[in-house]
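Reviewing the structure listed below.
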Amino acid sequence: MNGRRTFLRGFLSFLLTGGAIGGILRISPSKAHAKETPPKGQKWYGFGVSVDKCIGCARCMEACKTENNVPREPFFYRTWVERYITRKNGGTTVKAIEPNQEPAPEAASDKSILRSFFVPKLCNQCANPPCVQVCPVGATFRTDDGVVLVNEKTCIGCRYCIQACPYGARYLHPVTRTADKCTFCYHRISKGLLPACVEVCPTQTRIFGDLNAAASPMSRFLRMNKIHVLKPALNTEPKVYYASLDGEVR
Amino acid sequence: MGKLFEKFPDPLARLIVVFLALVAAGAFVFFVLIPKPVKDLKVQWDNAIRQESARPVKYAGFHACAECHDKLYETKKKGYHRDLSCETCHGAAKAHTEDPDTVKPVIPAERAFCPQCHAYNPSRPRGFPQINPVAHNPLKPCASCHNPHDPKPPTTPKECAACHGEIARTKAVSHHVQLECTTCHVTPQRHKVSPRAVKPTKPQDREFCGKCHGKDASAKLSANAPKIDLAEHGEKYVCWQCHYPHSPEVEQ
């Protein structure tokens, strides 16, 4: 009787201390990992959008579709441009413009319009991406240079990430049946080229570069503008930075 | 070993043997048979990065064009289109750089192309050059008057409205319709040739508006203009901080 009790007591304390030690061993390396500073020369890509400069010409949407084989149908986009119209009664309408179709001007005499502008949108390449957290097969991930990619080979097309993205930046590719999204044109930037949308933007609305670089159009953009990101309250830490962003833009 | 098994009843000993065999088989399948890329996310991700980086490039980038088209590049460098990539208008040209003779980039000559950027649209930023494609030389291709590599008005404009159409249209339906632009703006001749280098003047103080709208205004045009007492009206502000001079509001 006594023997069994001692055995149970010893066995239980063995389990508990084992769990505690194991837990500490698991926590401590991840803590050390979080404090780690990036190695020298490590890129950390970011993107800038000057809302004030966008003319809504849709050259970026066109270039993106060409460069990345995005389906031509007007509801598959890796990047798109929204037109905001705020009226004097306070209502705001948002509509994505379509490429190869000049944006229909509202009558200039429409006095109910208070202000109106274009906002380019794309994947925010969050530092804390919700889409990566929800992927059940680890098919979407963040690279060391801060770009969120989708592994086409292991994506099972469950659409969970499309639901999880608060910015609506993902879609299901109708041919591959896998999730697809902006990659900052990863194949271009890894060769030292600019993303296709930045390349063709006629007004320098779109800026791209390494956030770790001391002098680049990107770091100048961050230095010279008042910067905001989309939905900062979600703690996704977006790396697409907006200058002169209107409060109506979500 | 035999002694250890003697402690257990016979069925249990058999069960342990089967169990150990299953564990060994499972370990063999997991560690030996299944290849590493299938079970290791890190390997999968590295492969995905490699695959993503290897995708073909379609836009050659702004450096590529200048290598052959140096003359056009020099022209464009000095004009208003200096910040545009060639591929903004001519489309993806990587294929052209690889095989310049058979693959030719598009030359967008149709009239519908330029208005994608230059048609008037109130959502576009102020000051961006815009035209009304219906009224602006209908049916004429843009390139017959404007060189797209060095775009500027083909002739020195006579009227302010040629460039400042939005202001002209606003003023045309306002109470200031009778006023010439030069009533308030002194416009040097060179502004019409180098619009950004030489700028017209703008009124600087309240007294300027007061010449017509002050309570004892004497200017010729001011007979029917609404009058205010400059000393009392508007506090510290200058007039155009409340009233838009091109379309001044009228109290009902």
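Ordering of the structure tokens sets the chain letters (A, B, ...); residue numbers start at 1 within each chain; ligands are numbered from 1 in the order shown.
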Find the residues around A:Gln42 up to 8 Å (only C-alpha atoms counted), leave out those fewer than 6 positions away in its own chain, and share them as a PyMOL selection string.
chain A and resi 144-145+212
Create the file for the chosen residues now, containing N, CA and C atoms and written as a PDB file, in the first residue's frame.
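Generated output (result_5.pdb):
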```
ATOM      1  N   ASP A 144      12.791  35.571 -45.411  1.00  0.00           N
ATOM      2  CA  ASP A 144      13.650  36.364 -44.532  1.00  0.00           C
ATOM      3  C   ASP A 144      13.693  37.826 -44.956  1.00  0.00           C
ATOM      4  N   ASP A 145      13.430  38.103 -46.252  1.00  0.00           N
ATOM      5  CA  ASP A 145      13.410  39.507 -46.677  1.00  0.00           C
ATOM      6  C   ASP A 145      12.016  40.115 -46.572  1.00  0.00           C
ATOM      7  N   ASN A 212      15.905  48.459 -44.877  1.00  0.00           N
ATOM      8  CA  ASN A 212      17.161  48.507 -44.133  1.00  0.00           C
ATOM      9  C   ASN A 212      18.186  49.422 -44.797  1.00  0.00           C
TER      10      ASN A 212
END
```
Do a neighbour search on A:Asp246 at 10 Å with only C-alpha atoms, toss out local chain neighbours closer than 6 positions, and write the hits as a list in words.
Val51, Asp52, Tyr84, Phe117, Val119 and His228 of chain A
Hey, which of A:Glu248, A:Asp110, A:Glu152, A:Glu67 ends up closest to A:Thr176? Count only C-alpha atoms.
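Of A:Glu248, A:Asp110, A:Glu152, A:Glu67, the one nearest A:Thr176 is A:Glu152, counting only C-alpha atoms.
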Residues of chain A within 9 Å of chain B, only C-alpha atoms counted, as a VMD selection string:
chain A and resid 52 to 60 63 66 to 68 83 to 85 100 to 109 115 to 118 138 to 141 143 149 to 154 183 185 to 191 193 to 194 196 199 to 204
As a PyMOL selection string, which residues of stretch 59-248 of chain B does DSSP assign to alpha helix (DSSP H)?
chain B and resi 62-66+70-78+86-90+94-98+115-118+165-172+181-184+206-213
Could those selected residues go to a file with C-alpha atoms, as a PDB file, in the first residue's frame?
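Listed below is the output, selection10.pdb:
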```
ATOM      1  CA  PHE B  62      14.089  51.258 -67.629  1.00  0.00           C
ATOM      2  CA  HIS B  63      17.827  50.611 -68.136  1.00  0.00           C
ATOM      3  CA  ALA B  64      17.347  48.075 -70.905  1.00  0.00           C
ATOM      4  CA  CYS B  65      15.736  50.420 -73.483  1.00  0.00           C
ATOM      5  CA  ALA B  66      18.409  53.128 -73.314  1.00  0.00           C
ATOM      6  CA  ASP B  70      19.688  56.257 -76.838  1.00  0.00           C
ATOM      7  CA  LYS B  71      18.415  59.151 -78.960  1.00  0.00           C
ATOM      8  CA  LEU B  72      14.808  58.737 -77.907  1.00  0.00           C
ATOM      9  CA  TYR B  73      16.002  58.269 -74.339  1.00  0.00           C
ATOM     10  CA  GLU B  74      17.902  61.586 -74.460  1.00  0.00           C
ATOM     11  CA  THR B  75      14.823  63.357 -75.851  1.00  0.00           C
ATOM     12  CA  LYS B  76      12.541  61.868 -73.244  1.00  0.00           C
ATOM     13  CA  LYS B  77      14.961  62.687 -70.432  1.00  0.00           C
ATOM     14  CA  LYS B  78      14.386  66.409 -70.885  1.00  0.00           C
ATOM     15  CA  CYS B  86       9.289  53.287 -71.800  1.00  0.00           C
ATOM     16  CA  GLU B  87       7.209  50.243 -70.909  1.00  0.00           C
ATOM     17  CA  THR B  88       4.476  52.367 -69.348  1.00  0.00           C
ATOM     18  CA  CYS B  89       3.235  53.106 -72.871  1.00  0.00           C
ATOM     19  CA  HIS B  90       4.960  50.473 -75.003  1.00  0.00           C
ATOM     20  CA  LYS B  94      11.669  41.774 -72.273  1.00  0.00           C
ATOM     21  CA  ALA B  95      10.892  39.591 -75.307  1.00  0.00           C
ATOM     22  CA  HIS B  96      11.885  42.504 -77.572  1.00  0.00           C
ATOM     23  CA  THR B  97      15.275  42.890 -75.877  1.00  0.00           C
ATOM     24  CA  GLU B  98      15.970  39.196 -76.481  1.00  0.00           C
ATOM     25  CA  PRO B 115      -6.738  59.797 -72.305  1.00  0.00           C
ATOM     26  CA  GLN B 116      -6.223  56.839 -69.962  1.00  0.00           C
ATOM     27  CA  CYS B 117      -3.942  59.236 -68.127  1.00  0.00           C
ATOM     28  CA  HIS B 118      -4.908  62.618 -69.567  1.00  0.00           C
ATOM     29  CA  GLY B 165      -9.565  74.220 -68.133  1.00  0.00           C
ATOM     30  CA  GLU B 166     -10.963  73.226 -64.768  1.00  0.00           C
ATOM     31  CA  ILE B 167     -10.584  76.741 -63.384  1.00  0.00           C
ATOM     32  CA  ALA B 168     -11.957  78.273 -66.597  1.00  0.00           C
ATOM     33  CA  ARG B 169     -15.041  76.041 -66.508  1.00  0.00           C
ATOM     34  CA  THR B 170     -15.615  76.824 -62.831  1.00  0.00           C
ATOM     35  CA  LYS B 171     -15.210  80.559 -63.360  1.00  0.00           C
ATOM     36  CA  ALA B 172     -17.519  80.487 -66.401  1.00  0.00           C
ATOM     37  CA  CYS B 181      -7.641  85.963 -65.466  1.00  0.00           C
ATOM     38  CA  THR B 182      -5.218  88.869 -65.771  1.00  0.00           C
ATOM     39  CA  THR B 183      -7.446  91.043 -63.574  1.00  0.00           C
ATOM     40  CA  CYS B 184      -6.039  89.206 -60.559  1.00  0.00           C
ATOM     41  CA  ARG B 206      -7.072  91.579 -48.266  1.00  0.00           C
ATOM     42  CA  GLU B 207      -6.791  95.011 -49.769  1.00  0.00           C
ATOM     43  CA  PHE B 208      -6.564  93.470 -53.242  1.00  0.00           C
ATOM     44  CA  CYS B 209     -10.106  92.058 -52.992  1.00  0.00           C
ATOM     45  CA  GLY B 210     -11.106  95.238 -51.205  1.00  0.00           C
ATOM     46  CA  LYS B 211     -10.536  97.208 -54.386  1.00  0.00           C
ATOM     47  CA  CYS B 212     -13.886  95.814 -55.553  1.00  0.00           C
ATOM     48  CA  HIS B 213     -15.469  94.460 -52.390  1.00  0.00           C
TER      49      HIS B 213
END
```
To one decimal place, how far is atom CA of A:Gln163 from atom CA of A:Ala233 in Å?
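Atom-to-atom, atom CA of A:Gln163 to atom CA of A:Ala233, that is 18.1 Å.
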Counting only C-alpha atoms, what is within 10 Å of A:Leu230, bar same-chain residues fewer than 6 positions away, as a list in words?
Lys121, Asn124, Pro166, Tyr167, Thr236, Glu237, Pro238, Lys239, Val240, Tyr241, Tyr242, Leu245, Gly247, Val249 and Arg250 of chain A
For the residues in that selection, give me N, CA and C atoms as a tab-separated table (two decimals), in the first residue's frame.
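Now in result16.tsv:
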```tsv
chain	number	residue	atom	x	y	z
A	121	LYS	N	-4.04	49.62	-54.14
A	121	LYS	CA	-3.98	48.61	-53.08
A	121	LYS	C	-3.21	47.40	-53.60
A	124	ASN	N	-0.19	43.72	-48.35
A	124	ASN	CA	0.59	44.55	-47.44
A	124	ASN	C	1.85	43.87	-46.93
A	166	PRO	N	-7.22	40.53	-44.00
A	166	PRO	CA	-8.12	41.65	-43.76
A	166	PRO	C	-8.11	42.68	-44.89
A	167	TYR	N	-7.20	42.52	-45.84
A	167	TYR	CA	-7.08	43.51	-46.91
A	167	TYR	C	-7.62	42.99	-48.25
A	236	THR	N	-1.24	43.71	-37.71
A	236	THR	CA	-0.64	42.88	-38.75
A	236	THR	C	0.71	43.44	-39.18
A	237	GLU	N	1.04	44.66	-38.75
A	237	GLU	CA	2.28	45.35	-39.10
A	237	GLU	C	2.54	45.35	-40.61
A	238	PRO	N	1.67	46.03	-41.37
A	238	PRO	CA	1.84	46.04	-42.84
A	238	PRO	C	3.13	46.74	-43.23
A	239	LYS	N	3.69	46.34	-44.37
A	239	LYS	CA	4.88	47.00	-44.90
A	239	LYS	C	4.59	47.76	-46.18
A	240	VAL	N	3.29	48.00	-46.45
A	240	VAL	CA	2.93	48.92	-47.52
A	240	VAL	C	2.53	50.22	-46.82
A	241	TYR	N	3.34	51.26	-47.02
A	241	TYR	CA	3.17	52.51	-46.30
A	241	TYR	C	2.49	53.54	-47.19
A	242	TYR	N	1.48	54.21	-46.65
A	242	TYR	CA	0.72	55.18	-47.42
A	242	TYR	C	1.03	56.59	-46.94
A	245	LEU	N	-2.87	59.52	-46.65
A	245	LEU	CA	-4.01	58.62	-46.70
A	245	LEU	C	-5.21	59.26	-46.04
A	247	GLY	N	-8.81	59.36	-44.09
A	247	GLY	CA	-9.35	58.56	-43.00
A	247	GLY	C	-10.43	57.58	-43.43
A	249	VAL	N	-10.27	55.61	-45.91
A	249	VAL	CA	-9.70	54.42	-46.56
A	249	VAL	C	-9.48	53.33	-45.53
A	250	ARG	N	-10.02	52.16	-45.82
A	250	ARG	CA	-9.87	51.02	-44.91
A	250	ARG	C	-8.92	50.00	-45.52
```
In Å to one decimal, how far is atom CA of A:Val148 from atom CA of A:Val132?
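About the pair atom CA of A:Val132 and atom CA of A:Val148: they are 8.0 Å apart.
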Measure the distance from atom CA of A:Leu234 to atom CA of A:Thr178 in Å and round it to one decimal.
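Taking atom CA of A:Leu234 and atom CA of A:Thr178, their separation equals 25.6 Å.
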